[in-house]
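K.L.:
I have a structure I would like to understand better, so I am pasting it below and will then ask my questions one at a time.
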Amino acid sequence: MVDRPFLPYGRHVIGDDDIAAVVEVLRSDFLTTGPAVGKLEAALVAATGAAHAVAVANGTAALHAACFAAGLGPGDEVIVPAITFLATANCARYVGASVVFADVDPDTGLVSAGEVAKRCTTRTRAVIPVHLTGAQADVAAIAQVARDANAIVIEDAAHALGGGPETDRVGACTHSAMTIFSFHPVKQITTGEGGAIMAHSAALQEKLSCFRSHGMVREPARMELSYEGPWYYEQQSLGFNYRLSDLQAALGICQLTKLHAFIATRRALAARYDALLASHPFVVPVTSAQAAATSARHLYSVRIDFAALGVSRGALMERMRQAGIGTQVHYIPVPHQPYYRKLGSRPEDFPGAMRYYFRTLSLPLFASMTETDVERVVETLTSSLHALGARNPS
Ligand SMILES: *Cc1c(COP(=O)(O)O)cnc(C)c1O
């Protein structure tokens with residue numbers, strides 16, 4: 001092995017412009033929330049077409065804030081896809097609501113309106129569809145089901161910033177009340193840790209901003225008691241310190257100027273994967289050609305029928321790791337987790353999610369990869385499968 005760099009499944013891309021933007025904040029008067037946070041929020045509004053944006057400490061805080069602003073609490077049920085990151089479900093628990101899992105499509109991992117409808121009860125108050133891998137869940141259809149159930153829709157778009165058709169970008173909240181993003185380093189843009197909620201109304205935006213900073217209100221017109229002077233503030237609800245810093249916001253603003261370029265590169269790399277895998281005997285891309293057009297291409301996930309091939313996924317991952325290629329599994333079905341089992345979930349109730357989980361593998365995809373890297377990944381994947389004795393299932 002010559003010293004080719006290790007290819008993780010995902011990573012950030014930081015340029016000198018990003019570094020300069022952060023250094024500039026370091027020399028300014030504000031390190032924590034200052035002018036850069038508002039600028040990032042305005043840039044997010046411009047990038048998505050949403051009415052409002054509230055930047056917070058991370059994507060999980062964004063989900064928590066969204067559940068709070070939606071008024072969810074004990075006795076309420078929140079429908080969440082069985083295949084997602086833990087945070088999508090946990091946010092409902094943070095506000096005391098119950099998580100009700102919906103099954104997903106075994107081939108795409110996406111939740112459908114039909115699966116959401118099956119899980120609706122008189123207690124359903126919210127649905128959180130996830131745009132898994134950057135491909136879009138059918139939020140318009142899910143919103144119809146949610147409306148009938150009198151529930152609010154919160155999109156978990158942690159994978160999908162920069163995705164969607166030009167006329168209805170992810171984050172615009174066309175069919176939802178709120179959409180959350182994460183700026184974790186593996187996502188499309190990063191602030192180190194960071195996140196945001198896009199909201200369709202000023203009332204939600206006000207609740208979200210308040211929740212981000214201890215539940216404090218400062219505007220004289222909004223006081224419940226009498227305003228006593230310029231030092232005065234009121235805590236009217238319970239909030240947290242979920243603020244994003246100006247250091248992070250400055251990085252986010254600079255990263256956001258490159259979002260289109262990042263997405264274009266991700267799509268080109270994914271198209272190269274698609275071409276190389278077009279007639280592969282063992283490996284099928286998760287994202288269809290049709291869904292690819294508007295996918296934000298966070299993950300390049302493939303389906304491999306490990307059981308039919310007689311190949312261990314763990315052994316394949318280890319072999320590829322030794323060849324300098326990182327892979328990952330997105331995700332273990334959340335109802336499988338001991339915490340959710342203790343609350344009564346049974347993974348066997350989600351055959352689509354289990355089938356998706358057993359066959360999925362995410363290959364490296366990030367904006368500083370080259371097509372040569374993609375070729376190397378596919379060659380290594382194919383040779384590893386053969387070396388592990390993959391047999392043609394015919
Ligand atoms: C990354 C992610 C989150 C959480 O974001 P953090 O910024 O890491 O807190 C939530 N949901 C999904 C689907 C994610 O991938």
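Every chain in the structure tokens takes a letter, A first, then B, and so on in the order presented; its residues are numbered from 1, and the ligands are numbered from 1 following the presented order.
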Would you mind listing what lies within 12 Å of range 219-225 of chain A as a VMD selection string, with only C-alpha atoms counted and same-chain residues fewer than 4 positions away left out?

P.N.:
chain A and resid 206 210 229 to 237

K.L.:
Which residues form the shell of 7 Å around ligand 1 when you count only C-alpha atoms and all ligand atoms, given as a PyMOL selection string?

P.N.:
chain A and resi 58-61+84-85+87-88+130+132+156-159+182-184+193-195

K.L.:
Those residues you just picked out, can you put them in a file as a tab-separated table (two decimals), in the first residue's frame with all heavy atoms?

P.N.:
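Full text of selection24.tsv as output:
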chain	number	residue	atom	x	y	z
A	58	ASN	N	-26.40	22.70	18.05
A	58	ASN	CA	-26.21	21.49	17.24
A	58	ASN	C	-27.58	21.03	16.71
A	58	ASN	O	-28.61	21.60	17.08
A	58	ASN	CB	-25.51	20.38	18.04
A	58	ASN	CG	-26.22	20.07	19.34
A	58	ASN	OD1	-27.34	19.60	19.35
A	58	ASN	ND2	-25.57	20.39	20.46
A	59	GLY	N	-27.57	20.02	15.88
A	59	GLY	CA	-28.81	19.55	15.28
A	59	GLY	C	-29.76	18.93	16.29
A	59	GLY	O	-30.98	19.01	16.14
A	60	THR	N	-29.20	18.31	17.31
A	60	THR	CA	-30.02	17.71	18.36
A	60	THR	C	-30.76	18.79	19.15
A	60	THR	O	-31.96	18.66	19.44
A	60	THR	CB	-29.14	16.86	19.29
A	60	THR	OG1	-28.42	15.92	18.49
A	60	THR	CG2	-29.95	16.13	20.33
A	61	ALA	N	-30.05	19.89	19.46
A	61	ALA	CA	-30.69	21.03	20.12
A	61	ALA	C	-31.78	21.61	19.22
A	61	ALA	O	-32.83	22.05	19.70
A	61	ALA	CB	-29.64	22.10	20.45
A	84	THR	N	-33.23	6.07	11.48
A	84	THR	CA	-32.74	7.44	11.57
A	84	THR	C	-31.68	7.47	12.66
A	84	THR	O	-31.42	6.47	13.33
A	84	THR	CB	-33.86	8.44	11.90
A	84	THR	OG1	-33.31	9.78	11.88
A	84	THR	CG2	-34.49	8.20	13.27
A	85	PHE	N	-31.07	8.65	12.85
A	85	PHE	CA	-30.15	8.82	13.96
A	85	PHE	C	-30.98	8.96	15.25
A	85	PHE	O	-32.10	9.45	15.23
A	85	PHE	CB	-29.26	10.04	13.74
A	85	PHE	CG	-28.26	10.24	14.83
A	85	PHE	CD1	-27.34	9.24	15.14
A	85	PHE	CD2	-28.24	11.41	15.58
A	85	PHE	CE1	-26.43	9.40	16.16
A	85	PHE	CE2	-27.32	11.58	16.59
A	85	PHE	CZ	-26.41	10.58	16.89
A	87	ALA	N	-31.14	10.95	17.62
A	87	ALA	CA	-31.63	12.27	18.03
A	87	ALA	C	-33.05	12.55	17.54
A	87	ALA	O	-33.81	13.26	18.21
A	87	ALA	CB	-30.68	13.37	17.54
A	88	THR	N	-33.42	12.01	16.39
A	88	THR	CA	-34.76	12.26	15.84
A	88	THR	C	-35.83	11.75	16.79
A	88	THR	O	-36.90	12.34	16.92
A	88	THR	CB	-34.92	11.54	14.47
A	88	THR	OG1	-33.74	11.70	13.71
A	88	THR	CG2	-36.11	12.07	13.71
A	130	VAL	N	-37.65	12.06	7.97
A	130	VAL	CA	-36.20	12.24	7.83
A	130	VAL	C	-35.82	12.10	6.36
A	130	VAL	O	-36.24	11.15	5.71
A	130	VAL	CB	-35.45	11.18	8.67
A	130	VAL	CG1	-33.94	11.28	8.46
A	130	VAL	CG2	-35.81	11.33	10.14
A	132	LEU	N	-33.46	10.85	4.62
A	132	LEU	CA	-32.32	9.95	4.78
A	132	LEU	C	-31.37	9.98	3.58
A	132	LEU	O	-31.85	9.87	2.44
A	132	LEU	CB	-32.85	8.53	5.00
A	132	LEU	CG	-31.84	7.50	5.51
A	132	LEU	CD1	-31.48	7.76	6.97
A	132	LEU	CD2	-32.41	6.09	5.36
A	156	ASP	N	-36.71	16.50	9.66
A	156	ASP	CA	-35.32	16.32	10.05
A	156	ASP	C	-34.51	16.29	8.76
A	156	ASP	O	-34.44	15.27	8.06
A	156	ASP	CB	-35.12	15.03	10.85
A	156	ASP	CG	-33.67	14.85	11.31
A	156	ASP	OD1	-32.78	15.49	10.72
A	156	ASP	OD2	-33.43	14.07	12.25
A	157	ALA	N	-33.92	17.45	8.44
A	157	ALA	CA	-33.16	17.59	7.20
A	157	ALA	C	-31.66	17.67	7.50
A	157	ALA	O	-30.91	18.32	6.78
A	157	ALA	CB	-33.64	18.81	6.43
A	158	ALA	N	-31.25	16.98	8.56
A	158	ALA	CA	-29.82	16.97	8.92
A	158	ALA	C	-28.96	16.45	7.77
A	158	ALA	O	-27.79	16.78	7.67
A	158	ALA	CB	-29.60	16.12	10.17
A	159	HIS	N	-29.58	15.64	6.86
A	159	HIS	CA	-28.83	15.09	5.72
A	159	HIS	C	-29.05	15.89	4.45
A	159	HIS	O	-28.49	15.53	3.41
A	159	HIS	CB	-29.31	13.67	5.42
A	159	HIS	CG	-28.99	12.66	6.47
A	159	HIS	ND1	-29.20	11.31	6.30
A	159	HIS	CD2	-28.47	12.80	7.72
A	159	HIS	CE1	-28.84	10.66	7.39
A	159	HIS	NE2	-28.41	11.54	8.27
A	182	SER	N	-28.30	20.13	10.66
A	182	SER	CA	-27.12	19.93	11.53
A	182	SER	C	-25.89	20.39	10.76
A	182	SER	O	-25.80	20.17	9.55
A	182	SER	CB	-26.97	18.44	11.87
A	182	SER	OG	-25.64	18.17	12.32
A	183	PHE	N	-24.98	21.02	11.48
A	183	PHE	CA	-23.71	21.44	10.85
A	183	PHE	C	-22.54	20.67	11.44
A	183	PHE	O	-21.43	21.18	11.61
A	183	PHE	CB	-23.52	22.96	11.00
A	183	PHE	CG	-24.72	23.76	10.55
A	183	PHE	CD1	-25.21	24.80	11.34
A	183	PHE	CD2	-25.35	23.48	9.34
A	183	PHE	CE1	-26.32	25.53	10.93
A	183	PHE	CE2	-26.47	24.20	8.93
A	183	PHE	CZ	-26.95	25.25	9.74
A	184	HIS	N	-22.81	19.41	11.79
A	184	HIS	CA	-21.76	18.49	12.21
A	184	HIS	C	-20.78	18.31	11.04
A	184	HIS	O	-21.18	18.40	9.88
A	184	HIS	CB	-22.42	17.16	12.59
A	184	HIS	CG	-21.48	16.10	13.04
A	184	HIS	ND1	-20.75	15.33	12.16
A	184	HIS	CD2	-21.13	15.68	14.27
A	184	HIS	CE1	-19.99	14.49	12.84
A	184	HIS	NE2	-20.20	14.69	14.13
A	193	GLU	N	-19.63	22.10	15.72
A	193	GLU	CA	-20.94	21.69	16.19
A	193	GLU	C	-21.88	22.84	15.83
A	193	GLU	O	-21.52	24.00	15.97
A	193	GLU	CB	-20.97	21.51	17.71
A	193	GLU	CG	-20.18	20.33	18.23
A	193	GLU	CD	-20.91	19.00	18.12
A	193	GLU	OE1	-22.06	18.95	17.63
A	193	GLU	OE2	-20.29	17.98	18.51
A	194	GLY	N	-23.08	22.51	15.40
A	194	GLY	CA	-24.02	23.58	15.10
A	194	GLY	C	-25.28	23.02	14.47
A	194	GLY	O	-25.31	21.86	14.03
A	195	GLY	N	-26.30	23.84	14.45
A	195	GLY	CA	-27.55	23.43	13.83
A	195	GLY	C	-28.45	24.62	13.67
A	195	GLY	O	-28.11	25.74	14.10

K.L.:
Quick one: everything within 12 Å of Gly15 in chain A, counting only C-alpha atoms, minus sequence neighbours fewer than 5 positions away in the same chain. Send it as JSON, numbers by chain.

P.N.:
{"A": [20, 21, 22, 189, 190, 251, 254, 255, 257, 258, 367, 368]}

K.L.:
Just asking: which residues within range 209-297 of chain A are helix (DSSP H, G or I) according to DSSP, as a ChimeraX atom specification?

P.N.:
/A:209-212,220-222,246-256,259-277,289-292

K.L.:
Please build the interface table for range 91-192 of chain A against range 359-362 of chain A with a cut-off of 10 Å, listing for each qualifying residue the nearest atom pair and the distance in Å to one decimal; count only C-alpha atoms, order rows by chain and increasing number, and write it as a Markdown table.

P.N.:
| residue | atom | partner | partner_atom | distance |
| --- | --- | --- | --- | --- |
| A:Pro106 | CA | A:Arg359 | CA | 9.1 |
| A:Asp107 | CA | A:Arg359 | CA | 8.9 |
| A:Thr108 | CA | A:Thr360 | CA | 9.6 |
| A:Gly109 | CA | A:Thr360 | CA | 9.3 |
| A:Thr133 | CA | A:Ser362 | CA | 9.2 |
